[in-house]
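Trainee: Here it is, the structure in full.
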Amino acid sequence: MNTFPKSLEEAVAQAQEATKAAIADGYTRVQIDLIIPEIALKAQALAREFASIFLEYGSGLKVIFPDTGAAALARRDWGEVPFQVTDLGSRFTPIDRLITSEERIFLIVSPSAVEVNQVEKLCNLAGDRPVVLLIPQLEDVSIVGIGYAARQMRERFISTLYSCYYLRPLEGAAVFRCHPSAWQVWLEKEEDYEFATEVSSKPIGEDLDRLLLKLTQGSQDDSNITLQNKRGILSNLQRFLKALSQ
């Protein structure tokens with residue numbers, strides 16, 4: 001069983017290994033979810049960290065940002081790199097012109113629900129070549145919607161994405177998944193997290209609420225369980241984000 005990360009540095013290292021393992025196991029549409037406040041602000045630095053695990057692909061690696069400004073900023077900050085850096089295209093440069101037979105793997109950096117159609121098209125154009133989505137935010141209800149079209153999008157595309165790494169700290173608990181393990185729920189203790197249970201599918205919404213209630217019932221008087229305690233992984237957030245910027 002995987003160990004729960006004690007810091008965000010450790011989480012990123014785990015996510016890198018999980019990504020490589022998932023691709024080796026044949027998954028071609030994988031995503032890394034770090035549901036951490038403000039993490040998207042450091043998407044460029046995280047992208048450089050993840051690009052480093054694909055250097056064997058050389059120029060066959062294409063790192064793709066949501067827009068031309070973010071791509072240009074990355075090219076400026078990174079300087080000369082052995083891989084390609086571009087964006088998801090626009091009405092002037094459609095995505096199908098950016099994908100050629102020379103690319104072997106794609107890393108899409110923090111795409112939002114605004115770009116979900118372009119991301120889907122890129123995945124279709126990529127075929128059996130791996131596409132890695134780093135901290136995607138594709139299911140914003142206010143953009144994707146909740147009607148028939150949104151349901152079709154989820155069934156046709158979003159449901160095909162494989163979460164090889166998922167970390168979502170909650171109040172007193174965390175949802176965790178690290179390929180090849182199943183989905184797990186961990187409870188926050190005084191200075192650490194303790195494994196609570198493992199489930200076959202991603203626990204969300206009311207199902208997650210019921211599961212957490214079941215796991216914590218009868219333990220409310222246990223002084224080791226601190227449901228409002230924000231130590232552990234979140235306490236390292238600012239230090240880690242600062243380190244990424246250096």
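To be explicit about the labels: the chains of the structure tokens are called A, B, and onward in the order shown, and within each one the residues are counted from 1, while ligands get numbers from 1 in the order they are shown.
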List every residue of range 37-195 of chain A that DSSP, applied to the backbone of this structure, assigns to alpha helix (DSSP H), and report them as number ranges by chain.
Mentor: A: 43-51, 68-78, 116-126, 141-144, 148-156
Trainee: Take the residues from that selection and put them in a file with N, CA and C atoms, as a CSV table (one decimal), in the first residue's frame.
Mentor:
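What follows is the written file selection.csv:
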```csv
chain,number,residue,atom,x,y,z
A,43,ALA,N,1.5,26.4,-11.9
A,43,ALA,CA,1.4,25.4,-13.0
A,43,ALA,C,2.6,25.3,-13.8
A,44,GLN,N,3.2,26.5,-14.1
A,44,GLN,CA,4.4,26.5,-15.0
A,44,GLN,C,5.6,25.7,-14.3
A,45,ALA,N,5.8,26.0,-13.0
A,45,ALA,CA,6.9,25.3,-12.3
A,45,ALA,C,6.6,23.8,-12.2
A,46,LEU,N,5.4,23.5,-11.9
A,46,LEU,CA,5.0,22.0,-11.9
A,46,LEU,C,5.2,21.4,-13.2
A,47,ALA,N,4.9,22.1,-14.3
A,47,ALA,CA,5.1,21.6,-15.6
A,47,ALA,C,6.5,21.3,-15.9
A,48,ARG,N,7.4,22.1,-15.5
A,48,ARG,CA,8.8,21.9,-15.7
A,48,ARG,C,9.3,20.7,-14.9
A,49,GLU,N,8.8,20.5,-13.7
A,49,GLU,CA,9.1,19.3,-12.9
A,49,GLU,C,8.7,18.0,-13.6
A,50,PHE,N,7.4,18.0,-14.2
A,50,PHE,CA,6.9,16.8,-14.8
A,50,PHE,C,7.6,16.6,-16.2
A,51,ALA,N,7.9,17.7,-16.9
A,51,ALA,CA,8.6,17.5,-18.1
A,51,ALA,C,9.9,16.8,-18.0
A,68,THR,N,-1.6,31.3,-25.5
A,68,THR,CA,-0.3,31.7,-26.1
A,68,THR,C,0.5,32.4,-25.1
A,69,GLY,N,-0.1,33.2,-24.2
A,69,GLY,CA,0.6,34.0,-23.2
A,69,GLY,C,1.4,33.1,-22.2
A,70,ALA,N,0.7,32.1,-21.7
A,70,ALA,CA,1.3,31.2,-20.8
A,70,ALA,C,2.5,30.4,-21.4
A,71,ALA,N,2.3,30.0,-22.7
A,71,ALA,CA,3.3,29.3,-23.4
A,71,ALA,C,4.5,30.2,-23.7
A,72,ALA,N,4.3,31.4,-24.0
A,72,ALA,CA,5.4,32.3,-24.3
A,72,ALA,C,6.2,32.6,-23.0
A,73,LEU,N,5.5,32.7,-21.9
A,73,LEU,CA,6.1,33.0,-20.6
A,73,LEU,C,7.0,31.8,-20.2
A,74,ALA,N,6.5,30.6,-20.4
A,74,ALA,CA,7.3,29.4,-20.1
A,74,ALA,C,8.5,29.3,-21.0
A,75,ARG,N,8.4,29.6,-22.3
A,75,ARG,CA,9.6,29.6,-23.1
A,75,ARG,C,10.6,30.6,-22.7
A,76,ARG,N,10.1,31.8,-22.2
A,76,ARG,CA,11.1,32.8,-21.8
A,76,ARG,C,11.8,32.4,-20.5
A,77,ASP,N,11.0,31.8,-19.5
A,77,ASP,CA,11.6,31.5,-18.2
A,77,ASP,C,12.4,30.2,-18.3
A,78,TRP,N,12.1,29.3,-19.2
A,78,TRP,CA,12.8,28.0,-19.2
A,78,TRP,C,14.1,28.1,-20.1
A,116,VAL,N,-12.0,22.5,-22.7
A,116,VAL,CA,-12.3,21.1,-22.7
A,116,VAL,C,-12.5,20.5,-24.1
A,117,ASN,N,-13.1,21.3,-25.0
A,117,ASN,CA,-13.3,20.8,-26.3
A,117,ASN,C,-12.0,20.6,-27.1
A,118,GLN,N,-11.1,21.6,-26.9
A,118,GLN,CA,-9.7,21.5,-27.5
A,118,GLN,C,-8.9,20.3,-27.0
A,119,VAL,N,-9.0,20.1,-25.6
A,119,VAL,CA,-8.3,19.0,-25.0
A,119,VAL,C,-8.9,17.6,-25.6
A,120,GLU,N,-10.2,17.6,-25.7
A,120,GLU,CA,-10.8,16.3,-26.2
A,120,GLU,C,-10.3,16.1,-27.7
A,121,LYS,N,-10.3,17.1,-28.5
A,121,LYS,CA,-9.8,17.0,-29.8
A,121,LYS,C,-8.4,16.6,-29.9
A,122,LEU,N,-7.5,17.2,-29.0
A,122,LEU,CA,-6.1,16.8,-29.0
A,122,LEU,C,-6.0,15.3,-28.7
A,123,CYS,N,-6.7,14.8,-27.7
A,123,CYS,CA,-6.6,13.4,-27.3
A,123,CYS,C,-7.0,12.5,-28.4
A,124,ASN,N,-8.0,12.9,-29.2
A,124,ASN,CA,-8.5,12.1,-30.3
A,124,ASN,C,-7.4,12.1,-31.4
A,125,LEU,N,-6.8,13.3,-31.6
A,125,LEU,CA,-5.7,13.3,-32.6
A,125,LEU,C,-4.5,12.6,-32.2
A,126,ALA,N,-4.2,12.5,-30.9
A,126,ALA,CA,-3.1,11.8,-30.4
A,126,ALA,C,-3.2,10.3,-30.6
A,141,VAL,N,-18.8,23.4,-13.4
A,141,VAL,CA,-20.2,23.3,-13.7
A,141,VAL,C,-20.7,24.5,-14.4
A,142,SER,N,-20.2,25.7,-13.9
A,142,SER,CA,-20.7,27.0,-14.5
A,142,SER,C,-20.3,27.1,-16.0
A,143,ILE,N,-19.3,26.3,-16.4
A,143,ILE,CA,-18.9,26.4,-17.8
A,143,ILE,C,-19.4,25.2,-18.6
A,144,VAL,N,-19.1,24.0,-18.1
A,144,VAL,CA,-19.4,22.8,-18.8
A,144,VAL,C,-20.9,22.6,-18.8
A,148,TYR,N,-27.9,18.1,-20.8
A,148,TYR,CA,-27.6,16.9,-21.7
A,148,TYR,C,-26.3,17.0,-22.3
A,149,ALA,N,-25.9,18.2,-22.9
A,149,ALA,CA,-24.6,18.4,-23.5
A,149,ALA,C,-23.5,18.1,-22.6
A,150,ALA,N,-23.6,18.6,-21.4
A,150,ALA,CA,-22.5,18.4,-20.4
A,150,ALA,C,-22.4,16.9,-20.0
A,151,ARG,N,-23.6,16.3,-19.9
A,151,ARG,CA,-23.6,14.8,-19.6
A,151,ARG,C,-22.9,14.0,-20.7
A,152,GLN,N,-23.2,14.4,-21.9
A,152,GLN,CA,-22.5,13.8,-23.1
A,152,GLN,C,-21.0,14.0,-23.0
A,153,MET,N,-20.6,15.2,-22.7
A,153,MET,CA,-19.2,15.5,-22.6
A,153,MET,C,-18.5,14.6,-21.6
A,154,ARG,N,-19.1,14.5,-20.4
A,154,ARG,CA,-18.6,13.6,-19.4
A,154,ARG,C,-18.5,12.2,-19.8
A,155,GLU,N,-19.6,11.7,-20.4
A,155,GLU,CA,-19.6,10.3,-20.8
A,155,GLU,C,-18.7,10.0,-22.0
A,156,ARG,N,-18.6,10.9,-22.9
A,156,ARG,CA,-17.8,10.7,-24.1
A,156,ARG,C,-16.3,10.9,-23.9
```
Trainee: Which polymer residues have any atom within 6 Å of an atom of Leu107 in chain A, counting only C-alpha atoms, with same-chain residues fewer than 3 positions away left out, as a list in words?
Mentor: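 These residues fall inside the cut-off: Val63, Ile64 and Val132 of chain A.
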Trainee: Please, could you write that set of residues out with N, CA and C atoms as a compact mmCIF listing (two decimals), in the first residue's frame?
Mentor:
```
# COMPACT_ATOMS: atom_id res chain seq x y z
N VAL A 63 4.98 20.08 -24.57
CA VAL A 63 4.33 20.65 -23.40
C VAL A 63 3.38 21.73 -23.88
N ILE A 64 2.11 21.61 -23.50
CA ILE A 64 1.07 22.47 -24.07
C ILE A 64 0.37 23.25 -22.96
N VAL A 132 -0.89 13.48 -21.05
CA VAL A 132 -0.85 13.66 -19.60
C VAL A 132 -1.45 15.02 -19.27
```
Trainee: DSSP on the backbone: which residues in range 13-240 of chain A end up as strand (DSSP E)? Give the answer as a PDB file with C-alpha atoms, in the first residue's frame.
Mentor:
```pdb
ATOM      1  CA  ARG A  29      -5.069   9.481 -21.111  1.00  0.00           C
ATOM      2  CA  VAL A  30      -3.838  10.124 -17.611  1.00  0.00           C
ATOM      3  CA  GLN A  31      -4.276  13.029 -15.235  1.00  0.00           C
ATOM      4  CA  ILE A  32      -2.609  14.271 -12.077  1.00  0.00           C
ATOM      5  CA  ASP A  33      -4.953  15.949  -9.617  1.00  0.00           C
ATOM      6  CA  LEU A  34      -3.559  17.992  -6.736  1.00  0.00           C
ATOM      7  CA  LEU A  61       7.630  15.645 -25.916  1.00  0.00           C
ATOM      8  CA  LYS A  62       5.259  18.564 -26.455  1.00  0.00           C
ATOM      9  CA  VAL A  63       4.332  20.653 -23.397  1.00  0.00           C
ATOM     10  CA  ILE A  64       1.071  22.466 -24.068  1.00  0.00           C
ATOM     11  CA  PHE A  65      -0.310  25.450 -22.145  1.00  0.00           C
ATOM     12  CA  GLN A  84       8.596  21.598 -27.579  1.00  0.00           C
ATOM     13  CA  VAL A  85       6.488  24.227 -25.803  1.00  0.00           C
ATOM     14  CA  THR A  86       3.268  25.497 -27.340  1.00  0.00           C
ATOM     15  CA  ASP A  87      -0.407  26.218 -26.592  1.00  0.00           C
ATOM     16  CA  ILE A 105       3.847  12.282 -25.807  1.00  0.00           C
ATOM     17  CA  PHE A 106       1.852  15.364 -24.757  1.00  0.00           C
ATOM     18  CA  LEU A 107       1.798  17.177 -21.414  1.00  0.00           C
ATOM     19  CA  ILE A 108      -1.181  19.552 -21.119  1.00  0.00           C
ATOM     20  CA  VAL A 109      -0.729  22.033 -18.292  1.00  0.00           C
ATOM     21  CA  VAL A 131      -1.566  12.491 -23.158  1.00  0.00           C
ATOM     22  CA  VAL A 132      -0.854  13.658 -19.599  1.00  0.00           C
ATOM     23  CA  LEU A 133      -3.122  16.269 -18.024  1.00  0.00           C
ATOM     24  CA  LEU A 134      -1.401  18.109 -15.185  1.00  0.00           C
ATOM     25  CA  TYR A 162      -7.534   7.968 -15.812  1.00  0.00           C
ATOM     26  CA  SER A 163      -6.549   9.551 -12.490  1.00  0.00           C
ATOM     27  CA  CYS A 164      -3.132   8.063 -11.908  1.00  0.00           C
ATOM     28  CA  TYR A 165      -2.578  10.413  -8.971  1.00  0.00           C
ATOM     29  CA  TYR A 166      -5.159  12.241  -6.876  1.00  0.00           C
ATOM     30  CA  LEU A 167      -4.714  14.141  -3.634  1.00  0.00           C
ATOM     31  CA  ARG A 168      -7.513  16.130  -2.043  1.00  0.00           C
ATOM     32  CA  PRO A 169      -7.073  17.230   1.588  1.00  0.00           C
ATOM     33  CA  ALA A 173      -9.309  13.702   6.141  1.00  0.00           C
ATOM     34  CA  ALA A 174      -8.007  13.267   2.619  1.00  0.00           C
ATOM     35  CA  VAL A 175      -8.939  11.394  -0.537  1.00  0.00           C
ATOM     36  CA  PHE A 176      -5.864   9.783  -2.050  1.00  0.00           C
ATOM     37  CA  ARG A 177      -5.068   7.672  -5.072  1.00  0.00           C
ATOM     38  CA  CYS A 178      -1.652   6.661  -6.396  1.00  0.00           C
ATOM     39  CA  TRP A 183      -8.974   4.999  -4.120  1.00  0.00           C
ATOM     40  CA  GLN A 184      -8.270   5.549  -0.442  1.00  0.00           C
ATOM     41  CA  VAL A 185      -9.535   7.693   2.409  1.00  0.00           C
ATOM     42  CA  TRP A 186      -7.109   8.739   5.133  1.00  0.00           C
ATOM     43  CA  LEU A 187      -8.021  10.386   8.431  1.00  0.00           C
ATOM     44  CA  GLU A 188      -5.925  13.167   9.877  1.00  0.00           C
ATOM     45  CA  TYR A 193      -2.592  10.796   8.435  1.00  0.00           C
ATOM     46  CA  GLU A 194      -3.809   7.256   9.080  1.00  0.00           C
ATOM     47  CA  PHE A 195      -5.230   4.926   6.449  1.00  0.00           C
ATOM     48  CA  ALA A 196      -8.988   4.441   6.975  1.00  0.00           C
ATOM     49  CA  THR A 197     -10.417   2.561   4.012  1.00  0.00           C
ATOM     50  CA  GLU A 198     -10.063   1.705   0.348  1.00  0.00           C
ATOM     51  CA  VAL A 199     -12.848   1.894  -2.242  1.00  0.00           C
TER      52      VAL A 199
END
```
Trainee: If I take CA of Pro180 in chain A and CA of Leu41 in chain A, how far is one from the other in Å, to one decimal?
Mentor: 28.3 Å
Trainee: Between CA of Asp128 in chain A and CA of Thr28 in chain A, what is the distance in Å, rounded to a tenth?
Mentor: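 According to the coordinates, CA of Asp128 in chain A and CA of Thr28 in chain A are separated by 6.3 Å.
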Trainee: As an exercise, work out the distance from CA of Ser181 in chain A to CA of Ala24 in chain A in Å and give it to one decimal place.
Mentor: 15.0 Å
Trainee: Between A:Ala182, A:Lys214, A:Glu38, A:Gly172, single out the one closest to Ser200 in chain A, counting only C-alpha atoms.
Mentor: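 Distance minimum relative to Ser200 in chain A lands on A:Ala182.
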